[in-house]
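Containing mmCIF, C-alpha atoms: my_file-v4.cif.
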data_input
loop_
_atom_site.label_atom_id
_atom_site.label_comp_id
_atom_site.auth_asym_id
_atom_site.auth_seq_id
_atom_site.Cartn_x
_atom_site.Cartn_y
_atom_site.Cartn_z
CA MET T 1 52.55 41.05 41.09
CA ALA T 2 51.80 40.81 37.35
CA PHE T 3 48.98 42.85 35.85
CA SER T 4 47.20 41.93 32.64
CA SER T 5 47.36 44.42 29.80
CA ASN T 6 44.64 47.03 29.90
CA PRO T 7 44.17 49.41 26.93
CA LEU T 8 42.42 51.90 29.23
CA SER T 9 45.81 52.82 30.67
CA LEU T 10 47.31 53.60 27.25
CA SER T 11 46.71 56.17 24.57
CA VAL T 12 45.38 53.92 21.83
CA PRO T 13 43.60 54.87 18.60
CA GLU T 14 39.81 54.79 18.69
CA PRO T 15 39.46 51.85 16.22
CA VAL T 16 41.84 49.74 18.32
CA PHE T 17 39.97 50.59 21.51
CA GLU T 18 36.62 49.74 19.89
CA SER T 19 38.05 46.46 18.65
CA TRP T 20 39.12 45.65 22.22
CA LEU T 21 35.64 46.50 23.51
CA ARG T 22 34.09 44.32 20.81
CA ASP T 23 36.38 41.33 21.44
CA THR T 24 35.90 41.41 25.21
CA GLY T 25 32.12 41.81 24.99
CA TYR T 26 31.94 45.19 26.71
CA LEU T 27 29.88 46.75 23.90
CA GLU T 28 27.04 44.35 24.68
CA ILE T 29 27.36 45.08 28.41
CA LEU T 30 27.31 48.84 27.77
CA ASP T 31 24.21 48.56 25.59
CA GLN T 32 22.39 46.39 28.14
CA ARG T 33 23.30 48.65 31.07
CA THR T 34 22.06 51.70 29.17
CA THR T 35 18.74 49.98 28.46
CA ASP T 36 18.37 48.88 32.10
CA LEU T 37 19.16 52.35 33.43
CA HIS T 38 16.59 53.92 31.11
CA ARG T 39 13.97 51.38 32.18
CA HIS T 40 14.64 52.01 35.87
CA SER T 41 14.59 55.79 35.40
CA SER T 42 11.29 55.57 33.47
CA THR T 43 9.77 53.43 36.23
CA ALA T 44 10.97 55.84 38.89
CA THR T 45 9.63 58.82 36.96
CA THR T 46 6.25 57.15 36.53
CA ALA T 47 6.08 56.28 40.23
CA ALA T 48 7.06 59.81 41.21
CA ALA T 49 4.46 61.25 38.88
CA SER T 50 1.81 58.96 40.35
CA ALA T 51 2.79 59.91 43.90
CA SER T 52 2.83 63.60 43.10
CA SER T 53 -0.53 63.30 41.38
CA SER T 54 -2.09 61.66 44.45
CA ASP T 55 -0.62 64.32 46.74
CA ALA T 56 -1.75 67.07 44.41
CA ALA T 57 -5.24 65.60 44.31
CA ALA T 58 -5.35 65.58 48.08
CA VAL T 59 -3.99 69.11 48.43
CA THR T 60 -5.18 70.94 45.35
CA ASN T 61 -7.37 69.67 42.55
CA SER T 62 -7.21 66.80 40.09
CA ALA T 63 -6.66 69.14 37.13
CA ALA T 64 -3.14 70.04 38.29
CA ALA T 65 -2.30 66.34 38.66
CA ALA T 66 -3.54 65.62 35.13
CA VAL T 67 -1.41 68.47 33.77
CA SER T 68 1.66 67.12 35.53
CA ILE T 69 1.13 63.60 34.17
CA SER T 70 0.46 64.88 30.66
CA ASN T 71 3.63 66.95 30.76
CA GLY T 72 5.65 63.85 31.64
CA VAL T 73 4.04 61.91 28.81
CA PHE T 74 4.76 64.68 26.32
CA VAL T 75 8.38 64.88 27.45
CA GLN T 76 8.78 61.13 26.92
CA ILE T 77 7.13 61.29 23.49
CA PHE T 78 9.40 64.15 22.40
CA SER T 79 12.39 62.18 23.69
CA TYR T 80 11.41 59.21 21.51
CA LEU T 81 10.89 61.50 18.52
CA GLY T 82 14.30 63.09 19.07
CA THR T 83 15.91 59.66 19.13
CA LEU T 84 14.16 58.65 15.90
CA LEU T 85 15.12 61.89 14.17
CA SER T 86 18.75 61.42 15.21
CA LEU T 87 18.82 58.23 13.13
CA PHE T 88 18.54 60.33 9.96
CA THR T 89 21.49 62.55 10.93
CA LEU T 90 24.12 59.87 11.54
CA ASN T 91 26.24 58.07 8.99
CA PRO T 92 25.69 54.31 9.43
CA PHE T 93 28.72 53.50 7.26
CA ALA T 94 31.19 55.64 9.22
CA LYS T 95 32.97 52.65 10.77
CA LEU T 96 32.33 50.11 8.01
CA THR T 97 35.44 48.54 6.45
CA SER T 98 36.06 46.07 3.67
CA ASP T 99 36.93 43.40 6.24
CA ASP T 100 33.32 43.44 7.44
CA PHE T 101 32.25 41.87 4.12
CA SER T 102 34.68 38.98 4.47
CA GLY T 103 33.89 35.76 6.24
CA ASP T 104 30.59 33.94 6.53
CA THR T 105 27.18 35.59 6.57
CA PRO T 106 25.68 35.65 10.10
CA SER T 107 22.74 33.34 10.66
CA TRP T 108 19.50 34.93 9.50
CA THR T 109 17.29 33.37 12.18
CA ARG T 110 19.53 33.09 15.24
CA LEU T 111 21.70 36.21 14.89
CA PHE T 112 20.16 38.64 12.39
CA VAL T 113 16.48 38.28 13.33
CA GLY T 114 16.75 36.80 16.82
CA SER T 115 13.86 36.71 19.27
CA LEU T 116 11.50 39.38 20.57
CA ASP T 117 13.82 39.96 23.55
CA SER T 118 16.57 40.96 21.10
CA TYR T 119 14.84 44.27 20.31
CA SER T 120 14.24 47.40 22.34
CA PHE T 121 13.74 51.09 21.65
CA PRO T 122 17.05 52.99 21.95
CA SER T 123 16.96 55.09 25.09
CA SER T 124 19.06 57.95 23.70
CA PRO T 125 20.66 59.12 20.45
CA SER T 126 24.06 57.95 21.70
CA GLN T 127 22.78 54.42 22.25
CA ALA T 128 21.11 54.45 18.82
CA ARG T 129 24.41 55.57 17.27
CA LEU T 130 26.30 52.80 19.09
CA ARG T 131 23.86 50.15 17.93
CA VAL T 132 23.74 51.32 14.32
CA HIS T 133 27.51 51.51 13.89
CA GLU T 134 28.10 48.13 15.50
CA ASN T 135 25.19 46.26 13.90
CA VAL T 136 26.06 47.58 10.43
CA LYS T 137 29.53 46.13 10.89
CA ARG T 138 28.19 42.81 12.16
CA TYR T 139 25.42 42.31 9.59
CA ALA T 140 26.95 44.03 6.54
CA ARG T 141 26.56 40.90 4.42
CA ASN T 142 22.94 40.48 5.51
CA TYR T 143 22.07 44.06 4.60
CA THR T 144 23.77 43.63 1.23
CA SER T 145 21.70 40.52 0.53
CA LEU T 146 18.53 42.41 1.47
CA PHE T 147 19.43 45.21 -0.94
CA LEU T 148 19.92 42.72 -3.78
CA LEU T 149 16.58 41.11 -2.90
CA PHE T 150 14.76 44.46 -2.90
CA PHE T 151 16.43 45.42 -6.18
CA ALA T 152 15.37 42.13 -7.76
CA CYS T 153 11.80 42.69 -6.55
CA SER T 154 11.83 46.20 -8.02
CA LEU T 155 13.00 44.86 -11.37
CA TYR T 156 10.33 42.15 -11.24
CA GLN T 157 7.63 44.78 -10.76
CA LYS T 158 9.09 46.91 -13.57
CA LEU T 159 9.72 44.49 -16.44
CA LEU T 160 10.85 47.30 -18.74
CA ALA T 161 13.63 48.17 -16.29
CA LEU T 162 14.66 44.49 -16.17
CA VAL T 163 14.83 44.37 -19.97
CA GLY T 164 16.90 47.57 -20.01
CA LEU T 165 19.36 46.17 -17.48
CA ILE T 166 19.74 42.96 -19.48
CA LEU T 167 20.33 44.98 -22.66
CA CYS T 168 23.07 47.00 -20.94
CA LEU T 169 24.82 43.88 -19.70
CA ALA T 170 24.55 42.28 -23.14
CA LEU T 171 25.94 45.45 -24.77
CA TRP T 172 29.07 45.45 -22.63
CA ASP T 173 29.52 41.71 -23.05
CA VAL T 174 29.37 42.06 -26.85
CA LEU T 175 31.86 44.94 -26.68
CA LYS T 176 34.26 42.78 -24.67
CA LEU T 177 33.96 39.87 -27.09
CA CYS T 178 34.50 42.12 -30.09
CA GLY T 179 37.51 43.73 -28.44
CA ASP T 180 39.12 40.33 -27.84
CA ARG T 181 38.38 39.15 -31.38
CA TRP T 182 39.47 42.30 -33.21
CA GLY T 183 42.48 42.95 -31.02
CA LEU T 184 41.43 46.42 -29.92
CA GLU T 185 44.14 46.45 -27.23
CA GLN T 186 46.57 47.41 -30.01
CA ARG T 187 44.18 50.12 -31.25
CA PRO T 188 43.56 52.36 -28.23
CA VAL T 189 41.85 55.14 -30.19
CA ILE T 190 39.19 52.85 -31.66
CA ARG T 191 38.81 51.09 -28.31
CA GLN T 192 38.22 54.35 -26.43
CA SER T 193 35.75 55.52 -29.07
CA LEU T 194 33.73 52.31 -28.79
CA ILE T 195 33.74 52.56 -24.99
CA ARG T 196 32.41 56.13 -25.13
CA ILE T 197 29.67 55.05 -27.56
CA ALA T 198 28.75 52.13 -25.28
CA GLN T 199 28.60 54.47 -22.28
CA CYS T 200 26.25 56.85 -24.07
CA ALA T 201 24.08 53.95 -25.24
CA THR T 202 23.98 52.56 -21.69
CA ALA T 203 22.90 55.93 -20.27
CA VAL T 204 20.14 56.24 -22.86
CA ILE T 205 18.87 52.69 -22.23
CA LEU T 206 18.90 53.12 -18.44
CA PHE T 207 17.08 56.43 -18.69
CA CYS T 208 14.43 55.23 -21.14
CA THR T 209 13.69 52.02 -19.20
CA ASN T 210 13.61 53.72 -15.75
CA VAL T 211 16.24 51.46 -14.23
CA GLN T 212 17.31 54.37 -12.02
CA MET T 213 13.85 54.45 -10.41
CA ALA T 214 14.08 50.75 -9.51
CA LEU T 215 17.55 51.34 -8.09
CA ILE T 216 16.48 54.39 -6.06
CA SER T 217 13.43 52.59 -4.63
CA ALA T 218 15.54 49.57 -3.67
CA ILE T 219 18.13 51.82 -1.98
CA ALA T 220 15.43 53.73 -0.07
CA VAL T 221 13.66 50.60 1.21
CA SER T 222 16.86 48.75 2.12
CA TYR T 223 18.28 51.84 3.88
CA ALA T 224 15.11 52.27 5.96
CA VAL T 225 15.10 48.58 6.91
CA MET T 226 18.80 48.72 7.81
CA ILE T 227 18.46 51.83 9.99
CA LEU T 228 15.41 50.52 11.88
CA HIS T 229 16.84 47.03 12.39
CA ALA T 230 20.29 48.27 13.42
CA SER T 231 18.90 50.80 15.92
CA PHE T 232 16.33 48.50 17.55
CA ARG T 233 18.50 45.35 17.55
CA LYS T 234 20.30 44.89 20.84
CA LEU T 235 24.02 44.19 20.84
CA THR T 236 23.87 40.52 21.71
CA PRO T 237 27.20 38.67 21.80
CA SER T 238 27.99 35.84 19.43
CA ARG T 239 29.64 32.60 20.45
CA GLN T 240 32.36 33.44 22.94
CA SER T 241 35.37 31.64 24.32
CA THR T 242 37.72 32.48 27.16
CA SER T 243 41.35 33.13 26.39
CA LYS T 244 44.32 32.42 28.63
CA ASP T 245 44.35 35.92 30.11
CA GLY T 246 40.72 35.56 31.19
CA ASN T 247 39.23 37.92 28.57
CA ARG T 248 36.23 36.88 26.57
CA ARG T 249 36.85 36.61 22.85
CA THR T 250 33.92 37.01 20.51
CA LEU T 251 33.86 34.45 17.73
CA ARG T 252 31.97 35.73 14.73
CA SER T 253 29.72 33.10 13.28
#
Can the structure in the file be given as structure tokens, please?
Amino acid sequence: MAFSSNPLSLSVPEPVFESWLRDTGYLEILDQRTTDLHRHSSTATTAAASASSSDAAAVTNSAAAAVSISNGVFVQIFSYLGTLLSLFTLNPFAKLTSDDFSGDTPSWTRLFVGSLDSYSFPSSPSQARLRVHENVKRYARNYTSLFLLFFACSLYQKLLALVGLILCLALWDVLKLCGDRWGLEQRPVIRQSLIRIAQCATAVILFCTNVQMALISAIAVSYAVMILHASFRKLTPSRQSTSKDGNRRTLRS
């Protein structure tokens, strides 16, 4: 009897194992099962709290029942806060590689945004970490486009910063043209001196025109949008096909 290959029976590196989970669609299944289990446990906890409150009202007084319900609500609120705070402690780029920027950009409407059913609050910090790491890999090109858009908007609101950035680009372009015309490749000392002068001039221009503030604001806004979207976005599979061995292969679109 022939058995199909199963990486669970081998000692494989973590990136290879995650790639197998991603290609076979098990990451999406794991995320959905975690969400369903949290929903069922929350429903059961609410029902138990309601039942205990009715029993307590019949046996003791209604104040004890109210305290018990409020305690459950506070525990759930603190759980949500703990999950949100955990988003600021993880590194969303830990598993990002240069290959994630290759290929086509995922569809903005169908894949990146999706429908209302494509979002849910992460039930635990581990699920939030799973979603963030995987969604950052999937939508790396989308997040990069959003950063460029936010940076352009920041420059549009700060015209002085836009002028400073254009001056810096023009300065380096003029330096390149002069180097090609004067043959500075054969004069390394003069070339290095001009480069150092251009670097100092660039730093002064960027500082005086507050380009760094536009860059910092764009990074902050794009990072917040990326973290929130990646943590709330469910791991929905892309177009999938079935291979000869029966495993589902995810086709990135």
(message) Can you measure atom CA of Trp182 of chain T to atom CA of Leu165 of chain T for me? One decimal in Å is fine.
(response)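 So the answer is 25.8 Å.
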(message) Between atom CA of Glu28 of chain T and atom CA of Leu235 of chain T, what is the distance in Å, rounded to a tenth?
(response)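 It comes out at 4.9 Å.
Ranking T:Arg138, T:Leu162, T:Thr209, T:Leu175 by their shortest atom-to-atom distance to Ser193 of chain T, with all atoms listed in the file included, puts T:Leu175 first.
Distances here use only C-alpha atoms; by that measure, the residue among T:Val221, T:Ala201, T:Val163, T:Ala230 closest to Arg129 of chain T is T:Ala230.
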(request) Calculate how many Å separate atom CA of Ser98 of chain T from atom CA of Asn135 of chain T, rounding to one decimal. (result) 14.9 Å
(request) Tell me which protein, DNA and RNA residues are within 12 Å of Leu85 of chain T, counting only C-alpha atoms, leaving out same-chain ones fewer than 5 positions away, and put them as number ranges by chain. (result) T: 78-80, 90, 122, 124-125, 128-129, 227-228, 231
Would you mind exporting the chosen residues as a PDB file, in the coordinates of the input, restricted to C-alpha atoms?
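That gives us again18.pdb:
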ATOM      1  CA  PHE T  78       9.400  64.150  22.400  1.00  0.00           C
ATOM      2  CA  SER T  79      12.390  62.180  23.690  1.00  0.00           C
ATOM      3  CA  TYR T  80      11.410  59.210  21.510  1.00  0.00           C
ATOM      4  CA  LEU T  90      24.120  59.870  11.540  1.00  0.00           C
ATOM      5  CA  PRO T 122      17.050  52.990  21.950  1.00  0.00           C
ATOM      6  CA  SER T 124      19.060  57.950  23.700  1.00  0.00           C
ATOM      7  CA  PRO T 125      20.660  59.120  20.450  1.00  0.00           C
ATOM      8  CA  ALA T 128      21.110  54.450  18.820  1.00  0.00           C
ATOM      9  CA  ARG T 129      24.410  55.570  17.270  1.00  0.00           C
ATOM     10  CA  ILE T 227      18.460  51.830   9.990  1.00  0.00           C
ATOM     11  CA  LEU T 228      15.410  50.520  11.880  1.00  0.00           C
ATOM     12  CA  SER T 231      18.900  50.800  15.920  1.00  0.00           C
TER      13      SER T 231
END
(request) Starting from the displayed file, determine the output of the PyMOL selection byres ((chain T and resi 144-159) around 6) and express the residue list as a ChimeraX atom specification. (result) /T:141-143,160-162,214,218,222
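Shortest atom-to-atom contact with Val204 of chain T among T:Met226, T:Cys168, T:Gly183, T:Ser102: T:Cys168, counting all atoms listed in the file.
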(request) Go through T:Asp104, T:Asp99, T:Asp117, T:Asp173 one by one, measure the shortest atom-to-atom distance of each to Lys137 of chain T using only C-alpha atoms, and give the residue with the smallest value. (result)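 Going through T:Asp104, T:Asp99, T:Asp117, T:Asp173 one by one, the smallest distance to Lys137 of chain T is for T:Asp99.
Distances here use all atoms listed in the file; by that measure, the residue among T:Leu169, T:Asn210, T:Ser115, T:Asp180 closest to Ala198 of chain T is T:Leu169.
Nearest to Asp31 of chain T of all the residues T:Thr236, T:Gln212, T:Thr202, T:Thr97 is T:Thr236, based on all atoms listed in the file.
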As JSON: centre and edge lengths in Å, one decimal, of the axis-aligned box holding segment 129-132 of chain T with 6 Å per side:
{"center_x": 25.0, "center_y": 52.9, "center_z": 16.7, "size_x": 14.6, "size_y": 17.4, "size_z": 16.8}
